[in-house]
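Engineer: Next up, query05.pdb (PDB, C-alpha atoms, pLDDT in the B column).
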ATOM      1  CA  MET A   1     -12.955 -26.784  27.557  1.00 44.00           C
ATOM      2  CA  ASN A   2     -11.117 -24.774  24.885  1.00 42.00           C
ATOM      3  CA  ALA A   3     -14.346 -23.015  23.860  1.00 40.00           C
ATOM      4  CA  ARG A   4     -15.100 -22.095  27.473  1.00 42.00           C
ATOM      5  CA  ARG A   5     -11.533 -20.860  28.069  1.00 45.00           C
ATOM      6  CA  SER A   6     -11.658 -18.856  24.829  1.00 44.00           C
ATOM      7  CA  PHE A   7     -14.992 -17.363  25.890  1.00 41.00           C
ATOM      8  CA  LEU A   8     -13.697 -16.400  29.335  1.00 44.00           C
ATOM      9  CA  ASN A   9     -10.447 -14.994  27.965  1.00 45.00           C
ATOM     10  CA  GLY A  10     -12.429 -13.017  25.394  1.00 45.00           C
ATOM     11  CA  ILE A  11     -14.524 -11.487  28.120  1.00 44.00           C
ATOM     12  CA  GLY A  12     -11.391 -10.731  30.106  1.00 45.00           C
ATOM     13  CA  VAL A  13      -9.903  -8.706  27.267  1.00 36.00           C
ATOM     14  CA  ALA A  14     -12.694  -6.200  27.591  1.00 36.00           C
ATOM     15  CA  ALA A  15     -13.506  -6.887  31.258  1.00 39.00           C
ATOM     16  CA  LEU A  16     -17.270  -6.982  31.292  1.00 39.00           C
ATOM     17  CA  GLY A  17     -19.314  -5.818  34.269  1.00 35.00           C
ATOM     18  CA  ALA A  18     -22.410  -7.278  35.799  1.00 33.00           C
ATOM     19  CA  ALA A  19     -25.588  -6.754  37.739  1.00 29.00           C
ATOM     20  CA  MET A  20     -24.933  -7.796  41.309  1.00 28.00           C
ATOM     21  CA  VAL A  21     -24.890  -4.976  43.852  1.00 28.00           C
ATOM     22  CA  VAL A  22     -23.637  -5.786  47.332  1.00 26.00           C
ATOM     23  CA  ALA A  23     -23.075  -3.851  50.526  1.00 26.00           C
ATOM     24  CA  ALA A  24     -20.187  -1.410  50.457  1.00 28.00           C
ATOM     25  CA  GLN A  25     -17.125  -1.336  52.641  1.00 28.00           C
ATOM     26  CA  SER A  26     -14.428   1.285  53.140  1.00 29.00           C
ATOM     27  CA  PRO A  27     -12.532   2.247  49.982  1.00 33.00           C
ATOM     28  CA  ALA A  28      -8.960   1.075  49.565  1.00 34.00           C
ATOM     29  CA  THR A  29      -6.139   3.459  50.292  1.00 31.00           C
ATOM     30  CA  ALA A  30      -5.164   4.838  46.907  1.00 33.00           C
ATOM     31  CA  ALA A  31      -1.537   5.688  47.685  1.00 32.00           C
ATOM     32  CA  GLU A  32      -0.323   2.287  46.507  1.00 33.00           C
ATOM     33  CA  ALA A  33       0.231   1.394  42.854  1.00 41.00           C
ATOM     34  CA  LYS A  34      -1.012  -2.145  43.545  1.00 45.00           C
ATOM     35  CA  PRO A  35      -4.431  -2.371  45.241  1.00 47.00           C
ATOM     36  CA  ASP A  36      -4.681  -4.042  48.627  1.00 51.00           C
ATOM     37  CA  PRO A  37      -6.161  -7.485  47.881  1.00 52.00           C
ATOM     38  CA  GLY A  38      -8.208  -7.344  51.110  1.00 60.00           C
ATOM     39  CA  ALA A  39      -9.828  -3.969  50.365  1.00 78.00           C
ATOM     40  CA  HIS A  40     -12.302  -3.152  47.604  1.00 85.00           C
ATOM     41  CA  GLN A  41     -13.206  -0.009  45.729  1.00 89.00           C
ATOM     42  CA  VAL A  42     -16.600   1.566  46.393  1.00 93.00           C
ATOM     43  CA  CYS A  43     -18.699   3.823  44.180  1.00 94.00           C
ATOM     44  CA  ARG A  44     -21.534   5.405  46.166  1.00 92.00           C
ATOM     45  CA  GLY A  45     -22.361   2.213  48.014  1.00 91.00           C
ATOM     46  CA  VAL A  46     -21.620  -0.270  45.215  1.00 93.00           C
ATOM     47  CA  THR A  47     -18.651  -2.614  45.451  1.00 93.00           C
ATOM     48  CA  VAL A  48     -17.658  -5.970  43.997  1.00 91.00           C
ATOM     49  CA  ASP A  49     -19.104  -9.254  45.193  1.00 90.00           C
ATOM     50  CA  ARG A  50     -16.592 -10.021  47.924  1.00 91.00           C
ATOM     51  CA  THR A  51     -17.650 -13.693  47.932  1.00 92.00           C
ATOM     52  CA  ALA A  52     -17.147 -14.213  44.177  1.00 95.00           C
ATOM     53  CA  PRO A  53     -14.594 -16.876  43.194  1.00 96.00           C
ATOM     54  CA  VAL A  54     -12.840 -14.420  40.859  1.00 96.00           C
ATOM     55  CA  ILE A  55     -11.977 -10.831  41.792  1.00 95.00           C
ATOM     56  CA  SER A  56      -9.383  -8.742  40.009  1.00 95.00           C
ATOM     57  CA  SER A  57      -8.108  -5.226  40.640  1.00 96.00           C
ATOM     58  CA  VAL A  58      -5.616  -3.088  38.744  1.00 97.00           C
ATOM     59  CA  SER A  59      -4.385   0.441  39.441  1.00 97.00           C
ATOM     60  CA  VAL A  60      -2.396   2.733  37.171  1.00 98.00           C
ATOM     61  CA  LEU A  61      -0.991   6.190  37.787  1.00 98.00           C
ATOM     62  CA  ILE A  62      -1.935   8.417  34.858  1.00 98.00           C
ATOM     63  CA  LYS A  63       0.043  11.607  34.285  1.00 97.00           C
ATOM     64  CA  ALA A  64      -2.818  13.546  32.729  1.00 96.00           C
ATOM     65  CA  PRO A  65      -5.538  15.894  33.985  1.00 96.00           C
ATOM     66  CA  LEU A  66      -8.413  14.214  35.799  1.00 97.00           C
ATOM     67  CA  ALA A  67     -10.890  15.785  33.346  1.00 96.00           C
ATOM     68  CA  THR A  68      -9.069  14.149  30.410  1.00 96.00           C
ATOM     69  CA  VAL A  69      -9.072  10.735  32.068  1.00 97.00           C
ATOM     70  CA  TRP A  70     -12.752  11.056  32.992  1.00 97.00           C
ATOM     71  CA  ARG A  71     -13.782  12.124  29.468  1.00 96.00           C
ATOM     72  CA  LEU A  72     -12.074   9.079  27.959  1.00 96.00           C
ATOM     73  CA  HIS A  73     -13.678   6.783  30.511  1.00 96.00           C
ATOM     74  CA  ALA A  74     -17.192   8.252  30.354  1.00 96.00           C
ATOM     75  CA  ASP A  75     -17.449   8.746  26.568  1.00 96.00           C
ATOM     76  CA  ILE A  76     -18.627   5.208  25.819  1.00 95.00           C
ATOM     77  CA  ASP A  77     -19.373   5.924  22.157  1.00 95.00           C
ATOM     78  CA  ARG A  78     -15.661   6.684  21.647  1.00 94.00           C
ATOM     79  CA  TRP A  79     -14.284   3.642  23.514  1.00 94.00           C
ATOM     80  CA  PRO A  80     -13.597   1.770  20.260  1.00 92.00           C
ATOM     81  CA  SER A  81     -11.095   4.480  19.268  1.00 93.00           C
ATOM     82  CA  TRP A  82      -8.788   3.324  22.058  1.00 94.00           C
ATOM     83  CA  ILE A  83     -10.123  -0.157  23.009  1.00 89.00           C
ATOM     84  CA  PRO A  84     -10.737  -1.868  19.640  1.00 87.00           C
ATOM     85  CA  GLU A  85     -11.611  -5.222  21.266  1.00 84.00           C
ATOM     86  CA  ILE A  86     -15.013  -3.883  22.353  1.00 84.00           C
ATOM     87  CA  THR A  87     -16.229  -2.526  19.022  1.00 86.00           C
ATOM     88  CA  PRO A  88     -18.955  -1.456  18.714  1.00 90.00           C
ATOM     89  CA  ALA A  89     -19.777   0.429  21.928  1.00 93.00           C
ATOM     90  CA  HIS A  90     -22.789   2.704  22.193  1.00 94.00           C
ATOM     91  CA  LYS A  91     -24.570   4.605  24.960  1.00 96.00           C
ATOM     92  CA  VAL A  92     -28.265   3.784  24.535  1.00 96.00           C
ATOM     93  CA  THR A  93     -29.699   6.116  27.183  1.00 96.00           C
ATOM     94  CA  PRO A  94     -29.526   9.775  26.091  1.00 95.00           C
ATOM     95  CA  GLY A  95     -27.973  12.437  28.276  1.00 93.00           C
ATOM     96  CA  PRO A  96     -25.146  12.189  30.784  1.00 92.00           C
ATOM     97  CA  LEU A  97     -24.286   8.889  32.451  1.00 94.00           C
ATOM     98  CA  ARG A  98     -26.420   8.313  35.550  1.00 96.00           C
ATOM     99  CA  PRO A  99     -27.788   5.341  37.504  1.00 96.00           C
ATOM    100  CA  GLY A 100     -29.975   3.415  35.079  1.00 96.00           C
ATOM    101  CA  SER A 101     -28.081   4.522  31.946  1.00 96.00           C
ATOM    102  CA  VAL A 102     -27.718   1.633  29.508  1.00 96.00           C
ATOM    103  CA  PHE A 103     -24.884   1.033  27.073  1.00 95.00           C
ATOM    104  CA  THR A 104     -24.084  -1.786  24.673  1.00 92.00           C
ATOM    105  CA  TRP A 105     -20.700  -3.098  23.669  1.00 88.00           C
ATOM    106  CA  SER A 106     -19.210  -6.141  22.006  1.00 86.00           C
ATOM    107  CA  PRO A 107     -16.176  -7.676  23.695  1.00 77.00           C
ATOM    108  CA  GLN A 108     -14.888 -10.398  21.367  1.00 66.00           C
ATOM    109  CA  ASP A 109     -18.046 -10.393  19.219  1.00 71.00           C
ATOM    110  CA  MET A 110     -20.437 -10.884  22.170  1.00 76.00           C
ATOM    111  CA  HIS A 111     -23.332  -8.459  22.542  1.00 84.00           C
ATOM    112  CA  VAL A 112     -23.381  -7.062  26.093  1.00 87.00           C
ATOM    113  CA  GLU A 113     -25.940  -4.652  27.534  1.00 91.00           C
ATOM    114  CA  SER A 114     -24.710  -2.978  30.710  1.00 93.00           C
ATOM    115  CA  THR A 115     -26.509  -0.718  33.165  1.00 94.00           C
ATOM    116  CA  ILE A 116     -24.843   1.969  35.262  1.00 96.00           C
ATOM    117  CA  LYS A 117     -25.512   1.158  38.930  1.00 96.00           C
ATOM    118  CA  SER A 118     -23.679   4.094  40.493  1.00 97.00           C
ATOM    119  CA  ILE A 119     -21.699   7.100  39.336  1.00 97.00           C
ATOM    120  CA  ALA A 120     -19.947  10.125  40.835  1.00 97.00           C
ATOM    121  CA  PRO A 121     -18.555  12.340  38.049  1.00 96.00           C
ATOM    122  CA  LEU A 122     -14.756  12.568  38.067  1.00 97.00           C
ATOM    123  CA  ARG A 123     -14.675   9.985  40.908  1.00 97.00           C
ATOM    124  CA  CYS A 124     -16.213   6.603  40.030  1.00 98.00           C
ATOM    125  CA  THR A 125     -18.555   4.389  38.035  1.00 97.00           C
ATOM    126  CA  ALA A 126     -20.069   0.967  38.688  1.00 97.00           C
ATOM    127  CA  TRP A 127     -22.046  -1.035  36.171  1.00 94.00           C
ATOM    128  CA  GLY A 128     -23.465  -4.461  35.602  1.00 90.00           C
ATOM    129  CA  ALA A 129     -24.655  -6.892  32.938  1.00 80.00           C
ATOM    130  CA  PRO A 130     -25.080 -10.639  33.386  1.00 86.00           C
ATOM    131  CA  VAL A 131     -23.671 -12.450  30.332  1.00 85.00           C
ATOM    132  CA  ASN A 132     -23.866 -16.144  29.484  1.00 86.00           C
ATOM    133  CA  GLY A 133     -24.201 -17.250  33.102  1.00 91.00           C
ATOM    134  CA  ILE A 134     -21.566 -14.908  34.535  1.00 91.00           C
ATOM    135  CA  THR A 135     -22.615 -12.325  37.106  1.00 90.00           C
ATOM    136  CA  GLY A 136     -20.122  -9.713  38.130  1.00 83.00           C
ATOM    137  CA  VAL A 137     -19.651  -6.128  39.193  1.00 89.00           C
ATOM    138  CA  HIS A 138     -17.292  -3.677  37.492  1.00 92.00           C
ATOM    139  CA  LEU A 139     -16.032  -0.499  39.159  1.00 96.00           C
ATOM    140  CA  TRP A 140     -13.687   2.267  38.134  1.00 97.00           C
ATOM    141  CA  THR A 141     -12.429   4.818  40.659  1.00 97.00           C
ATOM    142  CA  PHE A 142     -10.305   7.917  40.023  1.00 98.00           C
ATOM    143  CA  GLU A 143      -8.286   9.823  42.620  1.00 97.00           C
ATOM    144  CA  GLN A 144      -6.254  12.954  42.012  1.00 96.00           C
ATOM    145  CA  THR A 145      -2.826  12.651  43.648  1.00 96.00           C
ATOM    146  CA  PRO A 146       0.201  14.971  43.534  1.00 96.00           C
ATOM    147  CA  ALA A 147       1.787  12.594  40.981  1.00 96.00           C
ATOM    148  CA  GLY A 148      -1.260  12.250  38.714  1.00 97.00           C
ATOM    149  CA  VAL A 149      -4.573  10.405  38.587  1.00 98.00           C
ATOM    150  CA  LEU A 150      -4.699   7.031  40.302  1.00 98.00           C
ATOM    151  CA  ALA A 151      -7.193   5.008  38.244  1.00 98.00           C
ATOM    152  CA  THR A 152      -8.345   1.704  39.712  1.00 97.00           C
ATOM    153  CA  THR A 153     -10.567  -0.819  38.013  1.00 96.00           C
ATOM    154  CA  GLU A 154     -11.968  -3.755  39.944  1.00 96.00           C
ATOM    155  CA  GLU A 155     -14.311  -6.540  38.931  1.00 94.00           C
ATOM    156  CA  SER A 156     -15.829  -9.691  40.388  1.00 93.00           C
ATOM    157  CA  TRP A 157     -17.167 -12.724  38.498  1.00 93.00           C
ATOM    158  CA  ALA A 158     -19.443 -15.487  39.758  1.00 95.00           C
ATOM    159  CA  GLY A 159     -21.549 -18.178  38.106  1.00 96.00           C
ATOM    160  CA  PRO A 160     -21.287 -21.684  36.669  1.00 96.00           C
ATOM    161  CA  PRO A 161     -18.878 -20.818  33.800  1.00 95.00           C
ATOM    162  CA  VAL A 162     -16.520 -19.220  36.328  1.00 95.00           C
ATOM    163  CA  ASP A 163     -16.828 -22.147  38.771  1.00 97.00           C
ATOM    164  CA  ALA A 164     -15.934 -24.522  35.925  1.00 97.00           C
ATOM    165  CA  ASP A 165     -12.568 -22.817  35.389  1.00 96.00           C
ATOM    166  CA  VAL A 166     -11.602 -20.458  38.214  1.00 97.00           C
ATOM    167  CA  PRO A 167      -7.881 -20.253  37.257  1.00 97.00           C
ATOM    168  CA  GLY A 168      -8.705 -19.548  33.600  1.00 95.00           C
ATOM    169  CA  SER A 169     -11.354 -17.005  34.566  1.00 94.00           C
ATOM    170  CA  GLN A 170      -8.946 -15.265  36.954  1.00 96.00           C
ATOM    171  CA  ALA A 171      -6.210 -15.122  34.330  1.00 95.00           C
ATOM    172  CA  GLY A 172      -8.594 -13.777  31.695  1.00 91.00           C
ATOM    173  CA  LEU A 173     -10.023 -11.102  33.980  1.00 92.00           C
ATOM    174  CA  ASP A 174      -6.570 -10.078  35.250  1.00 95.00           C
ATOM    175  CA  GLN A 175      -5.338  -9.703  31.664  1.00 93.00           C
ATOM    176  CA  GLY A 176      -8.437  -7.823  30.540  1.00 90.00           C
ATOM    177  CA  LEU A 177      -8.414  -5.303  33.377  1.00 92.00           C
ATOM    178  CA  GLY A 178      -4.678  -4.771  32.996  1.00 94.00           C
ATOM    179  CA  ASP A 179      -5.024  -4.161  29.262  1.00 93.00           C
ATOM    180  CA  TRP A 180      -7.949  -1.758  29.737  1.00 93.00           C
ATOM    181  CA  ALA A 181      -6.235   0.269  32.490  1.00 96.00           C
ATOM    182  CA  ASN A 182      -2.988   0.507  30.547  1.00 96.00           C
ATOM    183  CA  ARG A 183      -4.786   1.593  27.370  1.00 96.00           C
ATOM    184  CA  LEU A 184      -6.579   4.313  29.362  1.00 97.00           C
ATOM    185  CA  LYS A 185      -3.220   5.468  30.736  1.00 97.00           C
ATOM    186  CA  ALA A 186      -1.484   5.442  27.351  1.00 96.00           C
ATOM    187  CA  THR A 187      -4.353   7.248  25.621  1.00 97.00           C
ATOM    188  CA  ALA A 188      -4.749   9.915  28.314  1.00 97.00           C
ATOM    189  CA  GLU A 189      -1.022  10.577  28.506  1.00 97.00           C
ATOM    190  CA  THR A 190      -0.719  11.094  24.745  1.00 94.00           C
ATOM    191  CA  ARG A 191      -3.458  13.735  24.591  1.00 80.00           C
ATOM    192  CA  PRO A 192      -2.143  17.283  23.957  1.00 68.00           C
ATOM    193  CA  GLY A 193      -1.292  19.206  27.126  1.00 55.00           C
ATOM    194  CA  CYS A 194      -1.105  16.149  29.395  1.00 54.00           C
ATOM    195  CA  ARG A 195       2.479  16.336  30.538  1.00 51.00           C
TER     196      ARG A 195
END
If you convert what's in this file into structure tokens, what do you get?

Structural biologist:
Amino acid sequence: MNARRSFLNGIGVAALGAAMVVAAQSPATAAEAKPDPGAHQVCRGVTVDRTAPVISSVSVLIKAPLATVWRLHADIDRWPSWIPEITPAHKVTPGPLRPGSVFTWSPQDMHVESTIKSIAPLRCTAWGAPVNGITGVHLWTFEQTPAGVLATTEESWAGPPVDADVPGSQAGLDQGLGDWANRLKATAETRPGCR
């Protein structure tokens, strides 16, 4: 049990994505700091698995230009400079991120290969990668507001390892998404010219 909990918490630190693509629904209203638990983010038709036993969502308001936030998010090769738990991270597919782009990363010493499922530059990304029996979907959405950029990350997990410890999986994913979103905020806000 401790090994499984450690594994799930390790994944949560870096919040891995996965390969399931399900039908989209209306995007959540982005005016709230805390996402509506009944609504889900959508990136060009991709959303989380609404039937998954574990779904987590975190929003942060980032007081930085949208272009700065997007560059940090989309420059996968530089993720380790501000999210050391996923070292190494590398975009395998050359060129700009697009559906089908592949990247590798290593949350807690696991090798993960993810594939971009959907992307709208400066607005959203969705990717997937089944890992060790866990299938999930990971989305990021970005909305410019008068107060700054509202960044929301949302992820669903399903599969036997999740079913074996739903509370532990939920706690690990909640922690991981929270850490990732807050690191994005802190990094973007400390870049020159962001205030």

Engineer: Determine the nearest neighbour of A:Gly178 from the options A:Ala129, A:Val69, A:Val102, A:Ala151, counting only C-alpha atoms.

Structural biologist: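 Closest residue, counting only C-alpha atoms: A:Ala151.
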
Engineer: Between atom CA of A:Val92 and atom CA of A:Gln41, what distance in Å does the model show, to one decimal?

Structural biologist: 26.3 Å

Engineer: Provide the atom CA of A:His138 to atom CA of A:Ser118 distance in Å, to one decimal place.

Structural biologist: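 Computing the Euclidean distance for atom CA of A:His138 and atom CA of A:Ser118 yields 10.5 Å.
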
Engineer: Apply the PyMOL selection byres ((chain A and resi 103) around 9) to the file shown and report the selected residues as a PyMOL selection string.

Structural biologist: chain A and resi 76-77+89-93+101-102+104-105+112-116

Engineer: Would you please work out which residue, of A:Ile86, A:Val60, A:Ala74, A:Ile134, is nearest to A:Ser169 when using only C-alpha atoms?

Structural biologist: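 Smallest separation from A:Ser169 among the options: A:Ile134.
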